[in-house]
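Asks: Just so it is clear, I am handing over coords03.pdb, which has PDB, C-alpha atoms.
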```
ATOM      1  CA  VAL A   1      97.226 -20.237  90.223
ATOM      2  CA  GLY A   2      99.228 -17.028  90.354
ATOM      3  CA  TYR A   3      96.477 -14.951  91.987
ATOM      4  CA  ARG A   4      97.840 -12.059  94.055
ATOM      5  CA  ASN A   5      95.237 -10.077  95.928
ATOM      6  CA  ALA A   6      92.572 -10.365  98.577
ATOM      7  CA  GLY A   7      89.831 -12.790  97.739
ATOM      8  CA  THR A   8      87.827 -15.597  99.198
ATOM      9  CA  VAL A   9      88.811 -19.246  99.013
ATOM     10  CA  GLU A  10      85.982 -21.637  99.787
ATOM     11  CA  PHE A  11      86.549 -25.236 100.790
ATOM     12  CA  LEU A  12      85.044 -28.082 102.774
ATOM     13  CA  VAL A  13      86.823 -29.899 105.569
ATOM     14  CA  ASP A  14      86.251 -33.572 106.280
ATOM     15  CA  GLY A  15      87.132 -33.866 109.957
ATOM     16  CA  ASP A  16      88.254 -31.485 112.659
ATOM     17  CA  LEU A  17      90.067 -28.301 111.601
ATOM     18  CA  ALA A  18      92.666 -28.943 114.303
ATOM     19  CA  ASP A  19      93.441 -32.403 112.887
ATOM     20  CA  PRO A  20      96.451 -32.227 110.539
ATOM     21  CA  GLY A  21      95.121 -35.375 108.856
ATOM     22  CA  ALA A  22      91.754 -33.792 107.954
ATOM     23  CA  SER A  23      90.978 -33.648 104.257
ATOM     24  CA  PHE A  24      90.384 -30.263 102.603
ATOM     25  CA  TYR A  25      88.365 -30.040  99.387
ATOM     26  CA  PHE A  26      88.720 -26.891  97.257
ATOM     27  CA  LEU A  27      85.432 -25.414  96.032
ATOM     28  CA  GLU A  28      86.224 -22.041  94.490
ATOM     29  CA  LEU A  29      88.282 -18.879  94.596
ATOM     30  CA  ASN A  30      86.393 -15.597  94.370
ATOM     31  CA  PRO A  31      88.651 -12.710  93.309
ATOM     32  CA  ARG A  32      86.598 -10.258  95.343
ATOM     33  CA  ILE A  33      85.720  -9.500  98.907
ATOM     34  CA  GLN A  34      82.614 -11.343 100.091
ATOM     35  CA  VAL A  35      79.680  -9.528 101.685
ATOM     36  CA  GLU A  36      80.585 -11.292 104.957
ATOM     37  CA  HIS A  37      84.050  -9.693 105.044
ATOM     38  CA  THR A  38      82.914  -7.435 107.882
ATOM     39  CA  ILE A  39      82.980 -10.416 110.258
ATOM     40  CA  THR A  40      86.651 -11.060 109.532
ATOM     41  CA  GLU A  41      87.411  -7.343 109.848
ATOM     42  CA  GLU A  42      85.734  -7.187 113.253
ATOM     43  CA  ILE A  43      87.570 -10.147 114.788
ATOM     44  CA  THR A  44      91.000  -9.461 113.231
ATOM     45  CA  GLY A  45      91.069  -5.660 113.178
ATOM     46  CA  ILE A  46      92.182  -5.691 109.526
ATOM     47  CA  ASP A  47      90.414  -3.466 106.982
ATOM     48  CA  LEU A  48      90.195  -6.008 104.148
ATOM     49  CA  VAL A  49      88.931  -3.580 101.515
ATOM     50  CA  GLN A  50      91.798  -1.181 102.210
ATOM     51  CA  ALA A  51      94.265  -4.089 102.103
ATOM     52  CA  GLN A  52      92.816  -5.328  98.803
ATOM     53  CA  LEU A  53      93.194  -1.895  97.207
ATOM     54  CA  ARG A  54      96.766  -1.540  98.451
ATOM     55  CA  ILE A  55      97.682  -5.001  97.168
ATOM     56  CA  ALA A  56      96.137  -4.149  93.800
ATOM     57  CA  GLY A  57      98.413  -1.087  93.834
ATOM     58  CA  GLY A  58     101.471  -3.299  94.188
ATOM     59  CA  ARG A  59     101.970  -3.510  97.953
ATOM     60  CA  ARG A  60     102.767  -6.829  99.597
ATOM     61  CA  LEU A  61     101.085  -8.264 102.691
ATOM     62  CA  THR A  62     104.318  -7.907 104.640
ATOM     63  CA  GLU A  63     104.423  -4.187 103.775
ATOM     64  CA  LEU A  64     100.926  -3.892 105.256
ATOM     65  CA  GLY A  65     102.037  -5.642 108.452
ATOM     66  CA  ILE A  66      99.970  -8.743 107.672
ATOM     67  CA  ALA A  67     101.509 -12.187 108.109
ATOM     68  CA  GLN A  68      99.641 -15.462 108.602
ATOM     69  CA  GLU A  69     101.655 -16.411 111.675
ATOM     70  CA  ARG A  70     100.806 -13.077 113.341
ATOM     71  CA  LEU A  71      97.071 -13.099 112.621
ATOM     72  CA  GLN A  72      94.984 -13.255 115.752
ATOM     73  CA  THR A  73      91.255 -13.271 116.270
ATOM     74  CA  SER A  74      89.439 -11.765 119.185
ATOM     75  CA  GLY A  75      85.840 -12.309 120.203
ATOM     76  CA  PHE A  76      82.777 -13.048 118.116
ATOM     77  CA  ALA A  77      81.085 -10.993 115.427
ATOM     78  CA  ILE A  78      77.636 -11.245 113.883
ATOM     79  CA  GLN A  79      76.416  -9.626 110.689
ATOM     80  CA  VAL A  80      72.657  -9.108 110.446
ATOM     81  CA  ARG A  81      71.335  -8.466 106.938
ATOM     82  CA  VAL A  82      68.348  -6.171 106.754
ATOM     83  CA  GLY A  83      66.398  -6.663 103.549
ATOM     84  CA  LEU A  84      63.286  -5.495 101.778
ATOM     85  CA  GLN A  85      60.239  -7.705 101.932
ATOM     86  CA  PRO A  86      58.750  -8.602  98.521
ATOM     87  CA  GLY A  87      57.163  -5.409  97.205
ATOM     88  CA  GLY A  88      58.633  -3.506 100.158
ATOM     89  CA  GLY A  89      60.398  -0.743  98.256
ATOM     90  CA  GLY A  90      59.607   2.943  98.514
ATOM     91  CA  GLN A  91      60.966   6.168  99.944
ATOM     92  CA  VAL A  92      62.717   6.174 103.316
ATOM     93  CA  LYS A  93      60.711   8.456 105.607
ATOM     94  CA  GLU A  94      62.652   7.834 108.832
ATOM     95  CA  TYR A  95      66.156   6.418 109.209
ATOM     96  CA  VAL A  96      67.908   5.810 112.533
ATOM     97  CA  GLU A  97      71.048   3.717 112.969
ATOM     98  CA  PRO A  98      71.706   1.966 116.279
ATOM     99  CA  SER A  99      74.347   3.590 118.445
ATOM    100  CA  GLY A 100      77.765   1.955 118.627
ATOM    101  CA  VAL A 101      77.072  -0.435 115.745
ATOM    102  CA  ARG A 102      78.829  -0.629 112.384
ATOM    103  CA  VAL A 103      76.141  -0.129 109.748
ATOM    104  CA  ASP A 104      76.853  -0.585 106.043
ATOM    105  CA  SER A 105      73.727   0.753 104.365
ATOM    106  CA  SER A 106      72.501   1.475 100.859
ATOM    107  CA  VAL A 107      69.652   3.742 102.029
ATOM    108  CA  SER A 108      69.344   7.004 103.911
ATOM    109  CA  LEU A 109      66.636   9.455 104.863
ATOM    110  CA  GLY A 110      64.731  10.452 101.713
ATOM    111  CA  SER A 111      66.331   7.860  99.440
ATOM    112  CA  ARG A 112      64.330   5.366  97.409
ATOM    113  CA  ALA A 113      64.780   1.603  97.670
ATOM    114  CA  VAL A 114      63.634  -0.641  94.863
ATOM    115  CA  THR A 115      63.004  -4.373  94.835
ATOM    116  CA  ASP A 116      64.304  -4.855  91.275
ATOM    117  CA  TYR A 117      67.742  -5.993  92.456
ATOM    118  CA  ASP A 118      69.338  -7.282  95.636
ATOM    119  CA  PRO A 119      66.832  -6.691  98.458
ATOM    120  CA  MET A 120      69.532  -6.109 101.104
ATOM    121  CA  ILE A 121      69.482  -2.497 102.327
ATOM    122  CA  ALA A 122      71.835  -2.707 105.312
ATOM    123  CA  LYS A 123      74.252  -4.844 107.244
ATOM    124  CA  LEU A 124      74.371  -4.420 111.016
ATOM    125  CA  ILE A 125      77.738  -5.650 112.272
ATOM    126  CA  VAL A 126      78.253  -6.266 115.981
ATOM    127  CA  ARG A 127      80.836  -7.944 118.146
ATOM    128  CA  GLY A 128      81.234  -9.299 121.644
ATOM    129  CA  SER A 129      83.804 -11.103 123.723
ATOM    130  CA  GLY A 130      81.720 -14.287 123.413
ATOM    131  CA  PHE A 131      78.810 -15.532 121.332
ATOM    132  CA  ALA A 132      76.181 -14.602 123.942
ATOM    133  CA  GLU A 133      77.472 -11.023 124.124
ATOM    134  CA  ALA A 134      77.561 -10.722 120.318
ATOM    135  CA  LEU A 135      74.037 -12.156 120.093
ATOM    136  CA  ALA A 136      72.760  -9.637 122.661
ATOM    137  CA  ALA A 137      74.421  -6.864 120.656
ATOM    138  CA  ALA A 138      72.756  -8.137 117.458
ATOM    139  CA  ARG A 139      69.342  -8.103 119.126
ATOM    140  CA  ALA A 140      69.916  -4.543 120.368
ATOM    141  CA  ALA A 141      71.134  -3.462 116.922
ATOM    142  CA  VAL A 142      67.985  -4.745 115.206
ATOM    143  CA  ASP A 143      65.829  -3.063 117.842
ATOM    144  CA  GLY A 144      67.718   0.202 117.347
ATOM    145  CA  PHE A 145      67.588   0.186 113.534
ATOM    146  CA  VAL A 146      64.553   2.203 112.471
ATOM    147  CA  VAL A 147      63.482   2.567 108.862
ATOM    148  CA  THR A 148      59.998   3.682 107.922
ATOM    149  CA  GLY A 149      58.532   3.968 104.446
ATOM    150  CA  LEU A 150      59.827   0.522 103.503
ATOM    151  CA  SER A 151      58.702  -2.980 104.384
ATOM    152  CA  ILE A 152      61.797  -4.692 105.816
ATOM    153  CA  ASN A 153      62.571  -8.012 107.503
ATOM    154  CA  THR A 154      63.346  -6.794 111.046
ATOM    155  CA  GLU A 155      60.493  -8.780 112.640
ATOM    156  CA  PHE A 156      61.844 -11.974 111.085
ATOM    157  CA  LEU A 157      65.346 -11.069 112.287
ATOM    158  CA  ARG A 158      64.036 -10.516 115.827
ATOM    159  CA  ARG A 159      62.393 -13.954 115.801
ATOM    160  CA  VAL A 160      65.614 -15.598 114.623
ATOM    161  CA  LEU A 161      67.837 -13.738 117.096
ATOM    162  CA  THR A 162      65.589 -14.578 120.073
ATOM    163  CA  HIS A 163      64.929 -18.219 119.194
ATOM    164  CA  GLY A 164      66.094 -20.582 121.927
ATOM    165  CA  ASP A 165      67.800 -22.998 119.508
ATOM    166  CA  LEU A 166      69.963 -20.344 117.865
ATOM    167  CA  ALA A 167      72.978 -20.935 120.091
ATOM    168  CA  SER A 168      72.915 -24.723 119.918
ATOM    169  CA  ASP A 169      71.032 -26.326 117.048
ATOM    170  CA  VAL A 170      71.637 -24.321 113.875
ATOM    171  CA  HIS A 171      72.078 -26.106 110.554
ATOM    172  CA  THR A 172      71.422 -25.410 106.882
ATOM    173  CA  THR A 173      67.654 -26.059 107.072
ATOM    174  CA  TRP A 174      67.171 -24.405 110.480
ATOM    175  CA  VAL A 175      64.869 -21.615 109.238
ATOM    176  CA  GLU A 176      62.786 -23.928 107.056
ATOM    177  CA  ASP A 177      62.396 -26.406 109.924
ATOM    178  CA  ARG A 178      60.915 -23.786 112.227
TER     179      ARG A 178
END
```
Written as C-alpha coordinates, how would this file's structure read?

Replies:
Amino acid sequence: VGYRNAGTVEFLVDGDLADPGASFYFLELNPRIQVEHTITEEITGIDLVQAQLRIAGGRRLTELGIAQERLQTSGFAIQVRVGLQPGGGGQVKEYVEPSGVRVDSSVSLGSRAVTDYDPMIAKLIVRGSGFAEALAAARAAVDGFVVTGLSINTEFLRRVLTHGDLASDVHTTWVEDR
(Lines of atoms letter the chains of each structure in order from A and count residues from 1; the text may use other names and numbers.)
(Lines give C-alpha, C1' and ligand atoms only; values in the text may rest on other atoms or scores of the structure.)
Protein backbone atom coordinates (compact mmCIF):
# COMPACT_ATOMS: atom_id res chain seq x y z
CA VAL A 1 0.00 0.00 0.00
CA GLY A 2 2.84 2.38 0.76
CA TYR A 3 1.00 4.27 3.52
CA ARG A 4 3.36 5.79 6.09
CA ASN A 5 1.66 7.47 9.01
CA ALA A 6 -0.67 6.83 11.91
CA GLY A 7 -4.06 5.58 10.91
CA THR A 8 -6.61 2.96 11.75
CA VAL A 9 -6.74 -0.47 10.17
CA GLU A 10 -10.03 -2.27 10.68
CA PHE A 11 -10.41 -6.01 10.30
CA LEU A 12 -12.43 -8.97 11.51
CA VAL A 13 -10.95 -12.05 13.11
CA ASP A 14 -12.46 -15.49 12.68
CA GLY A 15 -11.30 -17.33 15.79
CA ASP A 16 -9.24 -16.45 18.83
CA LEU A 17 -6.72 -13.60 18.52
CA ALA A 18 -4.13 -15.77 20.26
CA ASP A 19 -4.54 -18.54 17.66
CA PRO A 20 -1.89 -18.18 14.93
CA GLY A 21 -4.25 -20.09 12.62
CA ALA A 22 -7.10 -17.56 13.01
CA SER A 23 -8.21 -15.88 9.81
CA PHE A 24 -7.99 -12.08 9.52
CA TYR A 25 -10.21 -10.23 7.05
CA PHE A 26 -9.21 -6.68 6.05
CA LEU A 27 -12.05 -4.15 6.09
CA GLU A 28 -10.51 -0.72 5.62
CA LEU A 29 -7.63 1.62 6.33
CA ASN A 30 -8.51 5.09 7.60
CA PRO A 31 -5.66 7.57 7.10
CA ARG A 32 -6.68 9.48 10.21
CA ILE A 33 -6.90 9.04 13.92
CA GLN A 34 -10.25 7.64 15.05
CA VAL A 35 -12.34 9.34 17.73
CA GLU A 36 -11.62 6.33 19.97
CA HIS A 37 -7.86 6.95 19.86
CA THR A 38 -7.97 8.18 23.45
CA ILE A 39 -8.50 4.60 24.65
CA THR A 40 -5.27 3.46 23.00
CA GLU A 41 -3.45 6.51 24.36
CA GLU A 42 -4.62 5.77 27.90
CA ILE A 43 -3.55 2.11 27.95
CA THR A 44 -0.26 2.53 26.03
CA GLY A 45 0.89 5.96 27.22
CA ILE A 46 1.53 7.04 23.62
CA ASP A 47 0.20 10.39 22.37
CA LEU A 48 -1.05 9.21 18.97
CA VAL A 49 -1.86 12.66 17.61
CA GLN A 50 1.64 13.91 18.44
CA ALA A 51 3.14 10.77 16.87
CA GLN A 52 1.04 11.22 13.73
CA LEU A 53 2.20 14.82 13.31
CA ARG A 54 5.84 13.86 13.83
CA ILE A 55 5.58 11.02 11.32
CA ALA A 56 3.97 13.39 8.82
CA GLY A 57 7.02 15.62 9.39
CA GLY A 58 9.33 12.80 8.35
CA ARG A 59 10.17 11.09 11.64
CA ARG A 60 10.16 7.31 11.90
CA LEU A 61 8.50 5.25 14.63
CA THR A 62 11.90 4.11 15.87
CA GLU A 63 12.96 7.76 16.27
CA LEU A 64 9.89 8.26 18.46
CA GLY A 65 10.80 5.25 20.60
CA ILE A 66 7.86 3.22 19.29
CA ALA A 67 8.39 -0.40 18.24
CA GLN A 68 5.73 -3.10 18.00
CA GLU A 69 7.71 -5.56 20.10
CA ARG A 70 8.05 -2.99 22.91
CA LEU A 71 4.41 -1.89 23.01
CA GLN A 72 2.73 -2.72 26.28
CA THR A 73 -0.77 -2.09 27.53
CA SER A 74 -1.74 -1.40 31.08
CA GLY A 75 -5.20 -1.46 32.59
CA PHE A 76 -8.56 -0.65 31.06
CA ALA A 77 -9.89 2.59 29.61
CA ILE A 78 -13.41 3.72 28.82
CA GLN A 79 -14.47 6.64 26.67
CA VAL A 80 -17.92 8.05 27.39
CA ARG A 81 -19.39 10.24 24.65
CA VAL A 82 -21.60 13.05 25.85
CA GLY A 83 -23.95 14.24 23.14
CA LEU A 84 -26.78 16.66 22.54
CA GLN A 85 -30.29 15.30 22.59
CA PRO A 86 -32.35 16.11 19.46
CA GLY A 87 -33.09 19.83 19.63
CA GLY A 88 -30.82 20.11 22.67
CA GLY A 89 -28.56 22.90 21.46
CA GLY A 90 -28.23 26.30 23.08
CA GLN A 91 -25.85 28.36 25.18
CA VAL A 92 -23.81 26.71 27.92
CA LYS A 93 -24.80 28.37 31.20
CA GLU A 94 -22.77 26.17 33.56
CA TYR A 95 -19.80 23.96 32.71
CA VAL A 96 -17.94 21.77 35.21
CA GLU A 97 -15.50 19.01 34.27
CA PRO A 98 -15.00 16.06 36.61
CA SER A 99 -11.78 16.11 38.59
CA GLY A 100 -8.98 13.80 37.51
CA VAL A 101 -10.65 12.88 34.21
CA ARG A 102 -9.41 13.56 30.69
CA VAL A 103 -12.12 15.60 28.98
CA ASP A 104 -11.98 16.41 25.27
CA SER A 105 -14.76 18.95 24.82
CA SER A 106 -16.12 21.18 22.08
CA VAL A 107 -18.05 23.43 24.49
CA SER A 108 -17.19 25.74 27.37
CA LEU A 109 -18.96 28.20 29.61
CA GLY A 110 -20.84 30.70 27.43
CA SER A 111 -20.32 28.86 24.15
CA ARG A 112 -23.16 27.82 21.88
CA ALA A 113 -23.78 24.24 20.79
CA VAL A 114 -25.83 23.52 17.70
CA THR A 115 -27.50 20.32 16.58
CA ASP A 116 -26.80 20.92 12.87
CA TYR A 117 -23.73 18.67 12.87
CA ASP A 118 -22.22 15.97 15.04
CA PRO A 119 -24.12 16.02 18.35
CA MET A 120 -21.09 14.94 20.42
CA ILE A 121 -19.96 17.75 22.75
CA ALA A 122 -17.45 15.91 24.94
CA LYS A 123 -15.54 12.72 25.52
CA LEU A 124 -14.89 11.67 29.11
CA ILE A 125 -11.89 9.33 29.16
CA VAL A 126 -11.17 7.28 32.26
CA ARG A 127 -8.95 4.37 33.17
CA GLY A 128 -8.56 1.76 35.86
CA SER A 129 -6.40 -1.22 36.65
CA GLY A 130 -9.33 -3.50 35.75
CA PHE A 131 -12.69 -3.18 34.03
CA ALA A 132 -14.63 -2.72 37.28
CA GLU A 133 -12.36 0.14 38.36
CA ALA A 134 -12.61 1.81 34.94
CA LEU A 135 -16.40 1.40 34.99
CA ALA A 136 -16.61 3.00 38.45
CA ALA A 137 -14.46 5.86 37.17
CA ALA A 138 -16.77 6.29 34.15
CA ARG A 139 -19.82 6.47 36.41
CA ALA A 140 -18.11 9.08 38.60
CA ALA A 141 -17.03 11.06 35.53
CA VAL A 142 -20.59 11.26 34.18
CA ASP A 143 -21.86 12.28 37.61
CA GLY A 144 -19.18 14.98 37.84
CA PHE A 145 -19.74 16.41 34.35
CA VAL A 146 -22.17 19.31 34.66
CA VAL A 147 -23.49 21.23 31.68
CA THR A 148 -26.59 23.37 31.91
CA GLY A 149 -28.29 25.26 29.10
CA LEU A 150 -28.15 22.21 26.83
CA SER A 151 -30.13 18.99 26.72
CA ILE A 152 -27.51 16.21 26.84
CA ASN A 153 -27.54 12.42 27.14
CA THR A 154 -26.05 12.02 30.64
CA GLU A 155 -29.16 10.29 32.05
CA PHE A 156 -28.96 7.69 29.28
CA LEU A 157 -25.24 7.26 29.96
CA ARG A 158 -25.93 6.73 33.68
CA ARG A 159 -28.48 4.02 32.86
CA VAL A 160 -26.02 2.25 30.57
CA LEU A 161 -23.09 2.50 32.99
CA THR A 162 -25.14 1.14 35.93
CA HIS A 163 -26.91 -1.65 34.05
CA GLY A 164 -26.17 -5.06 35.55
CA ASP A 165 -25.51 -6.72 32.18
CA LEU A 166 -22.87 -4.21 31.09
CA ALA A 167 -19.92 -6.26 32.32
CA SER A 168 -21.09 -9.59 30.92
CA ASP A 169 -23.66 -9.53 28.14
CA VAL A 170 -22.87 -6.68 25.75
CA HIS A 171 -23.33 -7.15 22.02
CA THR A 172 -24.17 -5.01 19.00
CA THR A 173 -27.92 -4.81 19.74
CA TRP A 174 -27.52 -4.48 23.53
CA VAL A 175 -29.05 -0.99 23.78
CA GLU A 176 -31.94 -1.78 21.44
CA ASP A 177 -32.70 -4.99 23.35
CA ARG A 178 -33.10 -3.16 26.64

Asks: Any chance you could resolve the PyMOL selection byres ((chain A and resi 59-75) around 12) against this file and give the residues as an MDAnalysis selection string?

Replies: chainID A and resid 4:6 39:48 50:58 76:78 126:135

Asks: Could you tell me, as JSON, numbers by chain, exactly which residues end up selected when the PyMOL selection byres ((chain A and resi 142) around 12) is applied to this structure?

Replies: {"A": [78, 79, 80, 81, 82, 83, 96, 97, 98, 99, 101, 102, 103, 122, 123, 124, 125, 126, 135, 136, 137, 138, 139, 140, 141, 143, 144, 145, 146, 147, 152, 153, 154, 155, 156, 157, 158, 159, 160, 161, 162]}

Asks: Give me the residues near A:Gln91 as a PyMOL selection string, where near means some atom within 8 Å (using all atoms listed in the file) and where sequence neighbours in that chain fewer than 2 positions away do not count.

Replies: chain A and resi 89+93+110-113+149-150

Asks: Please, what distance in Å, to one decimal, runs between atom CA of A:His37 and atom CA of A:Gly7?

Replies: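 Result for atom CA of A:His37 versus atom CA of A:Gly7: 9.8 Å, one decimal.
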
Asks: Work out how far atom CA of A:Phe26 is from atom CA of A:Thr173, in Å to one decimal.

Replies: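 Going from atom CA of A:Thr173 over to atom CA of A:Phe26 covers 23.3 Å.
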
Asks: Enter the distance from atom CA of A:Ser108 to atom CA of A:Gln85, in Å, rounded to one decimal.

Replies: 17.4 Å

Asks: Can you list, as a ChimeraX atom specification, every protein, DNA or RNA residue that comes within 9 Å of A:Thr8 when you count only C-alpha atoms, leaving out same-chain residues fewer than 3 positions away?

Replies: /A:28-34

Asks: Pull C-alpha atoms from the residues just selected and write them as a PDB file, in the frame of the given file.

Replies:
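Saved result, selection_0.pdb, follows:
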```pdb
ATOM      1  CA  GLU A  28      86.224 -22.041  94.490  1.00  0.00           C
ATOM      2  CA  LEU A  29      88.282 -18.879  94.596  1.00  0.00           C
ATOM      3  CA  ASN A  30      86.393 -15.597  94.370  1.00  0.00           C
ATOM      4  CA  PRO A  31      88.651 -12.710  93.309  1.00  0.00           C
ATOM      5  CA  ARG A  32      86.598 -10.258  95.343  1.00  0.00           C
ATOM      6  CA  ILE A  33      85.720  -9.500  98.907  1.00  0.00           C
ATOM      7  CA  GLN A  34      82.614 -11.343 100.091  1.00  0.00           C
TER       8      GLN A  34
END
```

Asks: Please identify all polymer residues within 12 Å of A:Ala22, counting all atoms listed in the file, omitting same-chain residues fewer than 5 positions from it, and present them as a VMD selection string.

Replies: chain A and resid 12 to 17

Asks: Residue by residue, what does the PyMOL selection byres ((chain A and resi 119) around 6) grab here? Present the result as a PyMOL selection string.

Replies: chain A and resi 83-84+115+118+120

Asks: Can you complete the atoms of stretch 122-133 of chain A to all heavy atoms and list them as a short mmCIF file (atom, residue, chain, number, x, y, z; two decimals), in the frame of the given file?

Replies:
```
data_model
loop_
_atom_site.label_atom_id
_atom_site.label_comp_id
_atom_site.auth_asym_id
_atom_site.auth_seq_id
_atom_site.Cartn_x
_atom_site.Cartn_y
_atom_site.Cartn_z
N ALA A 122 70.85 -3.04 104.28
CA ALA A 122 71.83 -2.71 105.31
C ALA A 122 72.40 -3.97 105.94
O ALA A 122 71.75 -5.01 105.98
CB ALA A 122 71.20 -1.84 106.40
N LYS A 123 73.62 -3.82 106.43
CA LYS A 123 74.25 -4.84 107.24
C LYS A 123 74.53 -4.20 108.60
O LYS A 123 75.13 -3.13 108.66
CB LYS A 123 75.57 -5.32 106.62
CG LYS A 123 75.40 -5.99 105.28
CD LYS A 123 76.72 -6.47 104.72
CE LYS A 123 77.63 -5.32 104.38
NZ LYS A 123 78.87 -5.72 103.70
N LEU A 124 74.08 -4.86 109.66
CA LEU A 124 74.37 -4.42 111.02
C LEU A 124 75.44 -5.36 111.55
O LEU A 124 75.22 -6.56 111.63
CB LEU A 124 73.12 -4.49 111.89
CG LEU A 124 71.84 -3.86 111.33
CD1 LEU A 124 70.68 -4.08 112.29
CD2 LEU A 124 72.05 -2.38 111.06
N ILE A 125 76.61 -4.82 111.87
CA ILE A 125 77.74 -5.65 112.27
C ILE A 125 78.07 -5.36 113.73
O ILE A 125 78.34 -4.22 114.11
CB ILE A 125 78.97 -5.39 111.39
CG1 ILE A 125 78.63 -5.61 109.91
CG2 ILE A 125 80.12 -6.30 111.80
CD1 ILE A 125 78.36 -4.37 109.14
N VAL A 126 78.01 -6.41 114.54
CA VAL A 126 78.25 -6.27 115.98
C VAL A 126 79.31 -7.26 116.42
O VAL A 126 79.60 -8.23 115.72
CB VAL A 126 76.96 -6.48 116.80
CG1 VAL A 126 75.90 -5.45 116.42
CG2 VAL A 126 76.42 -7.89 116.61
N ARG A 127 79.84 -7.02 117.60
CA ARG A 127 80.84 -7.94 118.15
C ARG A 127 80.65 -8.05 119.65
O ARG A 127 79.99 -7.22 120.26
CB ARG A 127 82.25 -7.54 117.79
CG ARG A 127 82.68 -6.18 118.28
CD ARG A 127 84.15 -5.86 118.05
NE ARG A 127 84.97 -6.69 118.91
CZ ARG A 127 85.84 -7.61 118.48
NH1 ARG A 127 86.03 -7.80 117.21
NH2 ARG A 127 86.54 -8.32 119.32
N GLY A 128 81.24 -9.09 120.20
CA GLY A 128 81.23 -9.30 121.64
C GLY A 128 82.39 -10.20 122.02
O GLY A 128 82.99 -10.83 121.15
N SER A 129 82.69 -10.26 123.28
CA SER A 129 83.80 -11.10 123.72
C SER A 129 83.47 -12.59 123.57
O SER A 129 84.36 -13.41 123.41
CB SER A 129 84.19 -10.79 125.17
OG SER A 129 83.09 -11.00 126.02
N GLY A 130 82.19 -12.92 123.62
CA GLY A 130 81.72 -14.29 123.41
C GLY A 130 80.47 -14.27 122.56
O GLY A 130 79.93 -13.20 122.24
N PHE A 131 79.98 -15.46 122.20
CA PHE A 131 78.81 -15.53 121.33
C PHE A 131 77.59 -14.89 121.98
O PHE A 131 76.84 -14.15 121.32
CB PHE A 131 78.50 -16.99 120.95
CG PHE A 131 77.30 -17.12 120.06
CD1 PHE A 131 77.36 -16.74 118.73
CD2 PHE A 131 76.10 -17.60 120.56
CE1 PHE A 131 76.25 -16.83 117.91
CE2 PHE A 131 74.98 -17.71 119.74
CZ PHE A 131 75.06 -17.32 118.41
N ALA A 132 77.36 -15.16 123.26
CA ALA A 132 76.18 -14.60 123.94
C ALA A 132 76.19 -13.08 123.92
O ALA A 132 75.16 -12.44 123.69
CB ALA A 132 76.10 -15.12 125.38
N GLU A 133 77.36 -12.49 124.14
CA GLU A 133 77.47 -11.02 124.12
C GLU A 133 77.23 -10.47 122.72
O GLU A 133 76.56 -9.45 122.54
CB GLU A 133 78.86 -10.62 124.63
CG GLU A 133 79.02 -9.13 124.83
CD GLU A 133 80.39 -8.79 125.41
OE1 GLU A 133 80.80 -9.42 126.41
OE2 GLU A 133 81.05 -7.89 124.85
#
```
